[in-house]
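Colleague: Starting off with a structure, shown below.
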Amino acid sequence: METTQYFQKIGNDMWLTEDERDNLKISYRIKEVLYSEKSPFQHVMVLDSYDFGRMLVLDGVVQTTSSDGYIYNEMISHIPLSIHPNPEKVLIIGGGDCGVAREVCKYPNVKEIDMVEIDELVVKACKEYLPEVSGNLNDPRVNFLYIDGVQYAAEKENEYDIIIVDSSDPIGPAEQLFSKSFYSHLKKALKEDGLMVCQSQSPVFHLDVFKQSHAHLSSLFPIVKPYTAVVPTYPGGLWSFTIGSKKYENIHVQNFDKETKYVSQDLLEGCFKLPQFIEDAIK
Ligand code: SAM
């Protein structure tokens, strides 16, 4: 088994230690390193862990796992797709594990999905070593574009019904994906009734980032709606997503019929109910 700065050996066991913040480290006992390569952007690994199965790890940070990746991927996809009444063209920014594209492909009315991922190596690694998340995605509606999402969005106008920002944490190449100027480019790239969603980090550990995303989107969109889900492998567990919409506000779906493990009709109807401390934060 390969040892890098991210691993620690305790007895005969190998542990991945994610450095979350000064006073918090999260460790996973690892069975095997299945893939490990450095790209021009980051260190890409797929590991097999004891409790969470296979996991994608970028620069030592767990991005998604075969045991709980479906929670995040379903929540960031089916909520916007259940608000827009007729989404035909969808843009995904980031999303290299292909889990979001896989969910969007469940909608037959979606004709085209542009997936703009900065790092081709993430897609290659996940297609080969993380099929539980990527589903070996080969739907012809998905166009893979390997460029910076910030640059891509800046050049688009009035093109997309839905934009999903499935980014890593706001450091390195993903830092700009949390900026107000990026969100303003997304607004321009959306059609006049379009809507976007971004992951807006942990309201427990990164309330500042959550509040900032909310403030940026509120200054650009008439409708802004945060929602949450619990993702066990994300620090703090509770995770947030924020929708910025030009026109549509409510879930229009009445009989949710997609094959999912987390999202249901009841969940669609209840997902915008927020814990009190989050309501207070955005007052
Ligand atoms: N669900 C995960 C989470 O919240 O931690 C993130 C999933 S996905 C793996 C994030 C992807 O965003 C990565 O593959 C990364 O390469 C990509 N990414 C980061 N910065 C980017 C940028 N500027 N443009 C496009 N993709 C970017």
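Labeling convention for the structure tokens: chains A, B, ... as they appear, residues from 1 per chain, ligands from 1 in order of appearance.
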If we count only C-alpha atoms, what is near Ser218 (chain A) at a cut-off of 12 Å, once residues fewer than 2 positions away on the same chain are taken out, given as a PyMOL selection string?
Modeller: chain A and resi 180+183-184+187+211-216+220-226+242-246+282-283
Colleague: Selected residues, N, CA, C and O atoms, written as a compact mmCIF listing (two decimals), in the first residue's frame, please.
Modeller:
# COMPACT_ATOMS: atom_id res chain seq x y z
N LYS A 180 -18.88 36.04 -5.92
CA LYS A 180 -20.06 36.74 -6.44
C LYS A 180 -19.95 36.93 -7.96
O LYS A 180 -20.94 36.81 -8.68
N TYR A 183 -21.07 33.76 -9.65
CA TYR A 183 -22.53 33.61 -9.61
C TYR A 183 -23.21 34.57 -10.59
O TYR A 183 -24.23 34.25 -11.19
N SER A 184 -22.62 35.76 -10.77
CA SER A 184 -23.25 36.70 -11.72
C SER A 184 -23.09 36.19 -13.15
O SER A 184 -23.98 36.38 -13.99
N LYS A 187 -25.79 33.65 -13.63
CA LYS A 187 -27.08 34.30 -13.86
C LYS A 187 -27.22 34.66 -15.35
O LYS A 187 -28.27 34.42 -15.97
N LYS A 211 -23.40 31.77 4.73
CA LYS A 211 -24.02 33.11 4.76
C LYS A 211 -23.56 33.94 3.56
O LYS A 211 -24.34 34.68 2.97
N GLN A 212 -22.29 33.78 3.21
CA GLN A 212 -21.77 34.55 2.08
C GLN A 212 -22.43 34.11 0.76
O GLN A 212 -22.83 34.96 -0.05
N SER A 213 -22.57 32.79 0.57
CA SER A 213 -23.25 32.31 -0.65
C SER A 213 -24.67 32.85 -0.69
O SER A 213 -25.15 33.30 -1.74
N HIS A 214 -25.34 32.81 0.46
CA HIS A 214 -26.71 33.30 0.52
C HIS A 214 -26.78 34.79 0.17
O HIS A 214 -27.64 35.23 -0.59
N ALA A 215 -25.83 35.56 0.72
CA ALA A 215 -25.82 37.01 0.46
C ALA A 215 -25.52 37.29 -1.01
O ALA A 215 -26.19 38.12 -1.65
N HIS A 216 -24.53 36.60 -1.57
CA HIS A 216 -24.19 36.81 -3.00
C HIS A 216 -25.40 36.51 -3.87
O HIS A 216 -25.75 37.30 -4.76
N LEU A 220 -28.32 38.86 -6.42
CA LEU A 220 -28.42 38.63 -7.87
C LEU A 220 -29.77 38.07 -8.32
O LEU A 220 -30.23 38.35 -9.42
N PHE A 221 -30.37 37.21 -7.47
CA PHE A 221 -31.60 36.50 -7.87
C PHE A 221 -32.78 36.94 -7.02
O PHE A 221 -32.63 37.14 -5.81
N PRO A 222 -34.00 37.02 -7.63
CA PRO A 222 -35.16 37.39 -6.83
C PRO A 222 -35.59 36.28 -5.86
O PRO A 222 -36.21 36.56 -4.84
N ILE A 223 -35.24 35.02 -6.20
CA ILE A 223 -35.64 33.91 -5.32
C ILE A 223 -34.38 33.15 -4.88
O ILE A 223 -33.61 32.69 -5.73
N VAL A 224 -34.20 33.03 -3.58
CA VAL A 224 -33.05 32.29 -3.04
C VAL A 224 -33.57 31.33 -1.98
O VAL A 224 -34.27 31.74 -1.05
N LYS A 225 -33.26 30.03 -2.16
CA LYS A 225 -33.80 29.04 -1.23
C LYS A 225 -32.72 28.05 -0.79
O LYS A 225 -32.27 27.23 -1.59
N PRO A 226 -32.31 28.12 0.47
CA PRO A 226 -31.37 27.12 0.96
C PRO A 226 -32.10 25.84 1.41
O PRO A 226 -33.27 25.89 1.78
N THR A 242 -27.78 25.83 -1.90
CA THR A 242 -28.58 27.05 -2.05
C THR A 242 -29.00 27.23 -3.51
O THR A 242 -28.17 27.14 -4.42
N ILE A 243 -30.29 27.48 -3.68
CA ILE A 243 -30.84 27.71 -5.02
C ILE A 243 -30.96 29.21 -5.26
O ILE A 243 -31.38 29.96 -4.38
N GLY A 244 -30.57 29.64 -6.46
CA GLY A 244 -30.84 31.00 -6.92
C GLY A 244 -31.70 30.87 -8.16
O GLY A 244 -31.31 30.22 -9.12
N SER A 245 -32.90 31.48 -8.14
CA SER A 245 -33.83 31.25 -9.24
C SER A 245 -34.37 32.58 -9.78
O SER A 245 -34.64 33.51 -9.02
N LYS A 246 -34.54 32.64 -11.10
CA LYS A 246 -35.07 33.87 -11.71
C LYS A 246 -36.59 33.91 -11.65
O LYS A 246 -37.19 34.96 -11.65
N ILE A 282 -29.67 33.77 8.21
CA ILE A 282 -29.95 34.45 6.94
C ILE A 282 -31.04 35.52 7.07
O ILE A 282 -31.49 36.07 6.08
N LYS A 283 -31.46 35.78 8.29
CA LYS A 283 -32.48 36.81 8.52
C LYS A 283 -31.99 38.16 8.05
O LYS A 283 -30.84 38.50 8.30
Colleague: Can you pull out every residue with an atom within 7 Å of ligand 1? Use only C-alpha atoms and all ligand atoms and format it as a PyMOL selection string.
Modeller: chain A and resi 62-64+72-73+93-97+116-119+122+147-150+166-169+173-174+176-177+199
Colleague: Taking 4 positions as the minimum chain separation for residues in the same chain, which residues sit within 8 Å of Tyr129 (chain A) when counting only C-alpha atoms? Answer as a PyMOL selection string.
Modeller: chain A and resi 34-35+46+125
Colleague: Near Lys106 (chain A), within 10 Å and counting only C-alpha atoms, which residues show up once chain neighbours fewer than 6 positions away are dropped, as a list in words?
Modeller: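 Final neighbour list, sorted by chain and number: His78, Asp257, Lys258, Glu259 and Thr260 of chain A.
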Colleague: Could you produce a table of the residues of region 103-194 of chain A lying within 6 Å of region 83-91 of chain A, with the nearest pair of atoms per residue and their separation in Å rounded to one decimal, using only C-alpha atoms, ordered by chain and increasing residue number, as a tab-separated table?
Modeller:
residue	atom	partner	partner_atom	distance
A:Asn109	CA	A:Glu88	CA	5.9
A:Val110	CA	A:Glu88	CA	4.1
A:Lys111	CA	A:Glu88	CA	5.1
A:Glu112	CA	A:Lys89	CA	4.9
A:Ile113	CA	A:Val90	CA	4.8
A:Asp114	CA	A:Leu91	CA	4.8
A:Met115	CA	A:Leu91	CA	6.0
A:Tyr160	CA	A:Lys89	CA	5.3
A:Asp161	CA	A:Pro87	CA	5.4
A:Ile162	CA	A:Val90	CA	4.9
A:Ile163	CA	A:Leu91	CA	4.7
Colleague: Just the selected residues (C-alpha atoms), exported as an mmCIF file, in the first residue's frame, please.
Modeller:
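Writing the result to out_33.cif gives the following:
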data_model
loop_
_atom_site.group_PDB
_atom_site.id
_atom_site.type_symbol
_atom_site.label_atom_id
_atom_site.label_comp_id
_atom_site.auth_asym_id
_atom_site.auth_seq_id
_atom_site.Cartn_x
_atom_site.Cartn_y
_atom_site.Cartn_z
ATOM 1 C CA ASN A 109 -36.998 15.701 -21.053
ATOM 2 C CA VAL A 110 -33.397 16.842 -20.497
ATOM 3 C CA LYS A 111 -31.858 16.901 -23.967
ATOM 4 C CA GLU A 112 -28.326 18.101 -23.270
ATOM 5 C CA ILE A 113 -26.013 18.052 -20.256
ATOM 6 C CA ASP A 114 -22.747 19.999 -20.421
ATOM 7 C CA MET A 115 -20.352 18.855 -17.718
ATOM 8 C CA TYR A 160 -29.172 26.942 -19.705
ATOM 9 C CA ASP A 161 -32.378 26.032 -17.870
ATOM 10 C CA ILE A 162 -30.505 24.714 -14.835
ATOM 11 C CA ILE A 163 -26.924 25.103 -13.619
#
